[in-house]
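What follows is the content of run.cif, which has mmCIF, C-alpha atoms:
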```
data_input
loop_
_atom_site.label_atom_id
_atom_site.label_comp_id
_atom_site.auth_asym_id
_atom_site.auth_seq_id
_atom_site.Cartn_x
_atom_site.Cartn_y
_atom_site.Cartn_z
CA MET A 83 122.97 108.09 25.39
CA SER A 84 120.69 109.51 22.64
CA LEU A 85 120.08 107.50 19.48
CA GLU A 86 122.14 109.99 17.45
CA GLY A 87 124.94 109.76 20.02
CA LEU A 88 124.80 105.97 19.82
CA ASP A 89 125.06 106.17 16.01
CA LEU A 90 127.99 108.57 16.27
CA ALA A 91 129.87 106.26 18.66
CA MET A 92 129.22 103.22 16.45
CA VAL A 93 130.24 105.06 13.28
CA GLU A 94 133.49 106.17 14.91
CA ALA A 95 134.21 102.60 16.01
CA ALA A 96 133.36 101.22 12.56
CA GLN A 97 135.62 103.84 10.95
CA ALA A 98 138.41 102.56 13.20
CA GLY A 99 137.83 99.07 11.74
CA SER A 100 135.41 97.52 14.26
CA THR A 101 133.18 94.97 12.52
CA SER A 102 131.09 94.48 15.67
CA ALA A 103 130.22 98.21 15.68
CA PHE A 104 129.25 97.95 12.02
CA ALA A 105 127.14 94.87 12.80
CA ARG A 106 125.24 96.95 15.37
CA LEU A 107 124.70 99.67 12.76
CA VAL A 108 123.29 97.01 10.41
CA ASP A 109 120.97 95.80 13.20
CA ARG A 110 119.75 99.33 13.92
CA HIS A 111 119.25 100.52 10.36
CA GLN A 112 118.17 97.43 8.42
CA GLN A 113 114.48 98.11 9.08
CA PRO A 114 114.21 101.69 7.70
CA LEU A 115 116.53 100.91 4.77
CA ARG A 116 114.66 97.76 3.73
CA ALA A 117 111.29 99.47 4.15
CA PHE A 118 112.46 102.34 1.92
CA LEU A 119 113.79 99.96 -0.75
CA ARG A 120 110.64 97.82 -0.65
CA ARG A 121 108.53 100.91 -1.32
CA THR A 122 110.90 102.11 -4.02
CA CYS A 123 111.35 98.74 -5.82
CA GLY A 124 107.99 97.15 -5.18
CA ASP A 125 109.72 93.74 -5.12
CA TRP A 126 110.63 92.63 -1.60
CA ALA A 127 113.27 90.05 -2.60
CA MET A 128 115.04 92.54 -4.86
CA ALA A 129 114.79 95.20 -2.15
CA ASP A 130 116.50 92.91 0.38
CA ASP A 131 119.27 92.10 -2.13
CA LEU A 132 119.80 95.82 -2.72
CA ALA A 133 119.82 96.43 1.05
CA GLN A 134 122.63 93.89 1.45
CA GLU A 135 124.56 95.53 -1.39
CA THR A 136 123.98 98.90 0.26
CA PHE A 137 125.50 97.74 3.56
CA LEU A 138 128.51 96.26 1.69
CA THR A 139 129.12 99.60 -0.02
CA ALA A 140 128.56 101.43 3.28
CA TRP A 141 131.24 99.25 4.91
CA SER A 142 133.79 100.13 2.24
CA ARG A 143 132.88 103.85 2.35
CA ILE A 144 132.31 104.28 6.08
CA GLY A 145 135.45 106.43 6.30
CA ALA A 146 133.80 109.06 4.07
CA LEU A 147 130.78 109.50 6.38
CA LYS A 148 131.06 112.90 8.06
CA ALA A 149 130.76 113.15 11.83
CA GLY A 150 127.20 114.00 12.85
CA ALA A 151 125.68 113.08 9.46
CA SER A 152 122.46 111.05 9.51
CA VAL A 153 123.38 107.39 9.01
CA ARG A 154 119.81 106.55 7.97
CA ALA A 155 119.74 109.23 5.25
CA TRP A 156 123.24 108.23 4.07
CA LEU A 157 122.21 104.57 3.74
CA CYS A 158 119.00 105.47 1.92
CA GLY A 159 121.04 107.60 -0.51
CA ILE A 160 123.36 104.67 -1.28
CA GLY A 161 120.37 102.32 -1.57
CA TYR A 162 118.62 104.68 -3.96
CA ASN A 163 121.71 104.82 -6.22
CA LYS A 164 121.89 101.00 -6.17
CA HIS A 165 118.24 100.89 -7.18
CA LEU A 166 118.81 103.30 -10.10
CA THR A 167 121.83 101.26 -11.25
CA ALA A 168 119.77 98.07 -11.07
CA LEU A 169 116.98 99.71 -13.07
CA ARG A 170 119.42 100.82 -15.78
CA SER A 171 121.23 97.50 -16.03
CA ARG A 172 117.95 95.65 -16.20
CA GLY A 173 116.52 97.87 -18.94
CA ARG A 174 117.52 95.38 -21.62
CA GLU A 175 115.72 92.57 -19.84
CA ARG A 176 112.52 94.56 -19.33
CA ALA A 177 110.45 92.77 -21.94
CA ARG A 178 111.42 89.36 -20.56
CA GLU A 179 110.67 90.58 -17.04
CA ARG A 180 107.22 91.85 -17.99
CA THR A 181 106.29 88.36 -19.06
CA TYR A 182 107.82 86.91 -15.89
CA ALA A 183 106.07 89.49 -13.68
CA ALA A 184 102.74 88.70 -15.27
CA GLU A 185 103.21 85.04 -14.42
CA ASN A 186 104.84 85.59 -10.99
CA PRO A 187 103.56 88.57 -8.99
CA PRO A 188 106.15 90.34 -6.76
CA SER A 189 106.98 88.63 -3.48
CA GLY A 190 105.27 90.10 -0.43
CA PRO A 191 102.28 89.56 1.82
CA SER A 192 98.76 89.03 0.49
CA MET A 193 97.38 92.44 -0.40
CA THR A 194 94.00 94.07 0.02
CA GLY A 195 92.43 95.96 -2.89
CA GLU A 196 93.48 99.30 -1.46
CA ARG A 197 97.02 98.08 -0.92
CA LEU A 198 97.22 96.74 -4.47
CA ALA A 199 95.98 100.08 -5.78
CA LEU A 200 98.67 101.90 -3.78
CA GLU A 201 101.37 99.51 -5.07
CA ALA A 202 100.20 100.00 -8.65
CA ALA A 203 100.11 103.79 -8.25
CA MET A 204 103.61 103.78 -6.71
CA ALA A 205 104.89 101.65 -9.61
CA GLU A 206 103.56 104.22 -12.09
CA LEU A 207 105.43 107.12 -10.46
CA PRO A 208 108.83 108.07 -11.95
CA PRO A 209 111.74 106.66 -9.86
CA ASP A 210 112.73 110.05 -8.34
CA GLN A 211 109.16 110.83 -7.34
CA ARG A 212 108.65 107.35 -5.91
CA ALA A 213 111.81 107.60 -3.81
CA CYS A 214 110.82 111.03 -2.46
CA VAL A 215 107.34 109.75 -1.57
CA ALA A 216 108.85 106.65 0.09
CA LEU A 217 111.08 108.77 2.31
CA CYS A 218 108.92 111.80 3.07
CA LEU A 219 105.40 110.36 3.22
CA ALA A 220 106.09 106.81 4.40
CA ALA A 221 109.24 107.22 6.52
CA ASP A 222 108.71 110.74 7.91
CA PHE A 223 111.92 112.21 6.53
CA SER A 224 111.92 116.00 6.20
CA HIS A 225 112.20 117.40 2.69
CA ALA A 226 115.69 118.69 3.54
CA GLU A 227 116.83 115.23 4.74
CA ALA A 228 115.51 113.61 1.54
CA ALA A 229 117.21 116.28 -0.62
CA ASP A 230 120.45 115.58 1.23
CA ALA A 231 120.09 111.79 0.86
CA PHE A 232 119.37 111.87 -2.89
CA GLY A 233 121.54 114.85 -3.81
CA LEU A 234 118.50 116.64 -5.28
CA PRO A 235 117.57 120.34 -4.90
CA LEU A 236 115.10 120.99 -2.07
CA GLY A 237 112.52 122.48 -4.44
CA THR A 238 112.64 119.38 -6.64
CA VAL A 239 112.02 117.12 -3.64
CA LYS A 240 109.06 119.25 -2.50
CA SER A 241 107.55 119.15 -5.96
CA HIS A 242 108.10 115.36 -6.27
CA VAL A 243 106.42 114.77 -2.91
CA ALA A 244 103.46 117.05 -3.73
CA ARG A 245 102.86 115.43 -7.12
CA GLY A 246 103.32 111.91 -5.79
CA ARG A 247 101.00 112.56 -2.85
CA ALA A 248 98.31 114.00 -5.12
CA ARG A 249 98.51 110.95 -7.40
CA LEU A 250 98.37 108.46 -4.52
CA LEU A 251 95.47 110.27 -2.81
CA GLN A 252 93.60 110.29 -6.10
CA VAL A 253 94.00 106.52 -6.34
CA LEU A 254 92.95 106.03 -2.70
CA GLY A 255 89.88 108.18 -3.27
CA GLY A 256 90.86 110.96 -0.87
CA SER A 257 90.90 114.70 -1.50
CA ASP A 258 94.20 116.57 -1.59
CA ALA A 259 93.72 119.32 1.02
CA ARG A 260 96.81 121.19 -0.19
CA SER A 261 95.71 121.63 -3.82
CA MET B 190 99.28 119.79 17.14
CA PRO B 191 97.71 118.03 14.12
CA ASP B 192 98.84 119.02 10.63
CA PRO B 193 95.90 120.92 9.03
CA ASP B 194 97.02 119.78 5.57
CA LYS B 195 96.62 116.10 6.45
CA THR B 196 93.49 114.23 5.42
CA ASP B 197 92.04 110.87 6.38
CA ALA B 198 93.40 109.52 3.11
CA ASP B 199 96.89 110.57 4.26
CA ASP B 200 96.47 108.49 7.40
CA ARG B 201 95.15 105.55 5.37
CA MET B 202 98.09 105.85 3.01
CA LYS B 203 100.51 105.90 5.95
CA ALA B 204 98.86 102.78 7.40
CA LEU B 205 99.16 101.00 4.05
CA PHE B 206 102.82 101.97 3.76
CA ALA B 207 103.41 100.63 7.27
CA GLN B 208 102.59 97.13 5.99
CA ASP B 209 105.91 97.16 4.09
CA GLN B 210 107.84 97.49 7.34
CA PRO B 211 110.29 94.61 7.98
CA PRO B 212 110.84 93.45 11.60
CA ALA B 213 112.84 95.81 13.84
CA ARG B 214 115.33 92.99 14.49
CA ASP B 215 116.19 90.48 11.79
CA PRO B 216 119.20 88.35 12.83
CA LEU B 217 119.12 86.38 9.57
CA PHE B 218 119.42 89.50 7.44
CA SER B 219 122.14 91.02 9.65
CA ALA B 220 124.08 87.73 9.64
CA ALA B 221 123.88 87.52 5.84
CA VAL B 222 125.32 91.05 5.55
CA MET B 223 128.16 90.33 7.99
CA VAL B 224 129.03 87.06 6.21
CA ARG B 225 129.38 88.97 2.94
CA ILE B 226 131.56 91.58 4.65
CA ALA B 227 133.78 88.87 6.16
CA ARG B 228 134.10 87.23 2.74
CA ARG B 229 135.07 90.55 1.16
CA ARG B 230 137.71 91.20 3.85
CA PHE B 231 139.10 87.70 3.32
CA GLN B 232 139.34 88.30 -0.43
CA ALA B 233 141.11 91.62 0.20
CA ASP B 234 143.58 89.89 2.54
CA VAL B 235 144.31 87.15 -0.02
CA ALA B 236 144.78 89.76 -2.76
CA MET B 237 147.15 91.76 -0.55
CA LEU B 238 149.17 88.66 0.35
CA ALA B 239 149.38 87.69 -3.33
CA CYS B 240 150.65 91.19 -4.19
CA VAL B 241 153.23 91.19 -1.39
CA THR B 242 154.42 87.72 -2.44
CA GLY B 243 154.59 88.68 -6.11
CA VAL B 244 156.48 91.92 -5.47
CA GLY B 245 158.84 90.14 -3.05
CA GLY B 246 159.51 87.44 -5.63
CA LEU B 247 160.24 90.00 -8.35
CA VAL B 248 162.56 92.01 -6.10
CA LEU B 249 164.39 88.83 -5.11
CA TRP B 250 164.65 87.75 -8.75
CA GLY B 251 166.06 91.15 -9.74
CA LEU B 252 168.56 91.30 -6.91
CA TRP B 253 169.56 87.65 -7.02
CA PRO B 254 172.77 88.10 -9.10
CA THR B 255 173.97 90.65 -6.51
CA LEU B 256 172.67 88.86 -3.46
CA SER B 257 173.72 85.37 -4.43
CA PRO B 258 177.50 85.61 -3.73
CA THR B 259 176.90 87.56 -0.50
CA LEU B 260 174.27 85.11 0.72
CA ILE B 261 176.49 82.15 -0.03
CA ALA B 262 179.28 83.81 1.93
CA LEU B 263 177.03 84.63 4.86
CA SER B 264 174.81 81.56 4.76
CA GLN B 265 176.43 79.95 7.76
CA GLY B 266 175.81 83.07 9.89
CA LEU B 267 172.36 83.91 8.47
CA ALA B 268 170.76 80.53 8.92
CA PRO B 269 169.96 80.95 12.64
CA VAL B 270 168.72 84.55 12.10
CA ALA B 271 166.45 83.46 9.24
CA ALA B 272 165.08 80.66 11.40
CA CYS B 273 164.34 83.18 14.21
CA LEU B 274 162.61 85.61 11.82
CA THR B 275 160.45 82.83 10.37
CA LEU B 276 159.51 81.69 13.86
CA ALA B 277 158.66 85.29 14.84
CA ALA B 278 156.39 85.67 11.79
CA ILE B 279 154.65 82.37 12.55
CA VAL B 280 153.96 83.56 16.11
CA THR B 281 153.07 87.22 15.29
CA VAL B 282 150.49 86.74 12.52
CA PRO B 283 148.10 84.57 14.61
CA LEU B 284 148.57 86.90 17.62
CA MET B 285 147.39 89.84 15.47
CA GLY B 286 144.13 88.02 14.77
CA GLY B 287 145.39 86.12 11.75
CA ARG B 288 145.22 89.31 9.68
CA PRO B 289 148.47 89.79 7.77
CA GLY B 290 147.69 93.49 7.17
CA ALA B 291 147.57 94.12 10.92
CA ALA B 292 150.71 92.05 11.54
CA LEU B 293 152.56 94.18 8.98
CA GLY B 294 151.25 97.36 10.64
CA LEU B 295 149.18 98.32 7.56
CA GLU B 296 145.84 98.63 9.38
CA SER B 297 144.60 99.66 12.81
#
```
Just give me the structure of the file as structure tokens.
Amino acid sequence: MSLEGLDLAMVEAAQAGSTSAFARLVDRHQQPLRAFLRRTCGDWAMADDLAQETFLTAWSRIGALKAGASVRAWLCGIGYNKHLTALRSRGRERARERTYAAENPPSGPSMTGERLALEAAMAELPPDQRACVALCLAADFSHAEAADAFGLPLGTVKSHVARGRARLLQVLGGSDARS
Amino acid sequence: MPDPDKTDADDRMKALFAQDQPPARDPLFSAAVMVRIARRRFQADVAMLACVTGVGGLVLWGLWPTLSPTLIALSQGLAPVAACLTLAAIVTVPLMGGRPGAALGLES
């Protein structure tokens, strides 16, 4: 059975109420979802919390997932909305967090200079642009898949990816062949 | 066929992004998600049982003046039937996986 076919069978079983089928979906999709959220949030612990919240929401909304739709893109869309909600609700605490972040750098592995530069450049991108870069450049989503996941127009996604890529390449010291 | 638009910096960027990748299998993470789902289902079951009990109590309270004389008259005959129904409920709910919603036919 193909991977898409496997997803389809598991989604159908989960829609019928099977928790074991949903557990297999969690197993299969935790890696791409967490990677996407880590790149979007920058904070690994927060990304994993959001990933858990995403799966909880996915469980309660699994009935709304259309047959044949990409589970990975659907989960990333939910995760992205969770991230935006978290950003908004934490806006009031931003000043306090800046102080905390200065004293406690985000959790993650030890980083090389180039990696730190990439993290810093990603953090400077607007949330929409960062999410598009995380899906299209890091996770090999097509522009159409990303547009579908985020509910953005295709042209907007293409422009976000192009601008984000140019900014990141500038930081990494590479030339942007497309510009 | 290689993408002519891609540069070495693109490949370097991709390699740096790959360092964010969590393990392909993470039983601890998956278990944490499933525990939270089980907890949520349990809370939903308790809430549903509380609603059913509350509504049942209200209905009984409202109908009691009408039911009371009839029940007193039929109490001798109803006692064995009520005992059988209670026994059936005690047996059915655990057989349906301990989920009252399934036992009442409210979920698949």
Can you build me a table of chain A residues sitting at most 8 Å from chain B, with the closest atom pair per residue and its distance in Å to one decimal, using all atoms listed in the file, sorted by chain and residue number, as JSON lines?
```
{"residue": "A:Ala98", "atom": "CA", "partner": "B:Ser297", "partner_atom": "CA", "distance": 6.8}
{"residue": "A:Gly99", "atom": "CA", "partner": "B:Ser297", "partner_atom": "CA", "distance": 6.9}
{"residue": "A:Ala105", "atom": "CA", "partner": "B:Met223", "partner_atom": "CA", "distance": 6.7}
{"residue": "A:Val108", "atom": "CA", "partner": "B:Ser219", "partner_atom": "CA", "distance": 6.1}
{"residue": "A:Asp109", "atom": "CA", "partner": "B:Ser219", "partner_atom": "CA", "distance": 6.1}
{"residue": "A:Arg110", "atom": "CA", "partner": "B:Arg214", "partner_atom": "CA", "distance": 7.7}
{"residue": "A:Gln112", "atom": "CA", "partner": "B:Ser219", "partner_atom": "CA", "distance": 7.6}
{"residue": "A:Gln113", "atom": "CA", "partner": "B:Ala213", "partner_atom": "CA", "distance": 5.5}
{"residue": "A:Pro114", "atom": "CA", "partner": "B:Gln210", "partner_atom": "CA", "distance": 7.6}
{"residue": "A:Arg116", "atom": "CA", "partner": "B:Pro211", "partner_atom": "CA", "distance": 6.9}
{"residue": "A:Ala117", "atom": "CA", "partner": "B:Gln210", "partner_atom": "CA", "distance": 5.1}
{"residue": "A:Arg120", "atom": "CA", "partner": "B:Asp209", "partner_atom": "CA", "distance": 6.7}
{"residue": "A:Arg121", "atom": "CA", "partner": "B:Asp209", "partner_atom": "CA", "distance": 7.1}
{"residue": "A:Gln134", "atom": "CA", "partner": "B:Val222", "partner_atom": "CA", "distance": 5.7}
{"residue": "A:Phe137", "atom": "CA", "partner": "B:Val222", "partner_atom": "CA", "distance": 7.0}
{"residue": "A:Leu138", "atom": "CA", "partner": "B:Ile226", "partner_atom": "CA", "distance": 6.3}
{"residue": "A:Trp141", "atom": "CA", "partner": "B:Ile226", "partner_atom": "CA", "distance": 7.7}
{"residue": "A:Arg197", "atom": "CA", "partner": "B:Leu205", "partner_atom": "CA", "distance": 6.1}
{"residue": "A:Leu200", "atom": "CA", "partner": "B:Met202", "partner_atom": "CA", "distance": 7.9}
{"residue": "A:Leu219", "atom": "CA", "partner": "B:Lys203", "partner_atom": "CA", "distance": 7.2}
{"residue": "A:Ala220", "atom": "CA", "partner": "B:Lys203", "partner_atom": "CA", "distance": 5.9}
{"residue": "A:Leu250", "atom": "CA", "partner": "B:Met202", "partner_atom": "CA", "distance": 8.0}
{"residue": "A:Leu251", "atom": "CA", "partner": "B:Ala198", "partner_atom": "CA", "distance": 6.3}
{"residue": "A:Leu254", "atom": "CA", "partner": "B:Ala198", "partner_atom": "CA", "distance": 6.8}
{"residue": "A:Gly255", "atom": "CA", "partner": "B:Ala198", "partner_atom": "CA", "distance": 7.4}
{"residue": "A:Gly256", "atom": "CA", "partner": "B:Ala198", "partner_atom": "CA", "distance": 4.9}
{"residue": "A:Ser257", "atom": "CA", "partner": "B:Ala198", "partner_atom": "CA", "distance": 7.4}
{"residue": "A:Asp258", "atom": "CA", "partner": "B:Thr196", "partner_atom": "CA", "distance": 7.4}
{"residue": "A:Ala259", "atom": "CA", "partner": "B:Asp194", "partner_atom": "CA", "distance": 5.6}
{"residue": "A:Arg260", "atom": "CA", "partner": "B:Asp194", "partner_atom": "CA", "distance": 5.9}
```
Practice task
Between atom CA of A:Leu119 and atom CA of A:Ala226, measure the distance and give it in Å to one decimal.
Solution key: 19.3 Å
Handout entry: Non-local contacts of A:Leu217 (10 Å; only C-alpha atoms; under 3 positions in same chain excluded) as a PyMOL selection string
Key = chain A and resi 114-115+117-119+121-122+155+158+212-214+220-225+227-228+231+243
Practice task
List the residues selected by the PyMOL selection byres ((chain A and resi 97) around 10) in the file shown, writing them as a VMD selection string.
Solution key: chain A and resid 91 to 96 98 to 101 103 to 104 141 to 147
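The coordinates place atom CA of A:Ser152 at 17.1 Å from atom CA of A:Ala216.
Coordinates place atom CA of A:Thr194 at a distance of 28.0 Å from atom CA of B:Leu217.
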Work out where the centre of an axis-aligned box around every listed atom of stretch 149-159 of chain A lies and how long its edges are once 5 Å is added on each side; give both in Å to one decimal as lines of an AutoDock Vina configuration file.
```
center_x = 124.9
center_y = 109.3
center_z = 6.2
size_x = 21.8
size_y = 19.4
size_z = 23.4
```
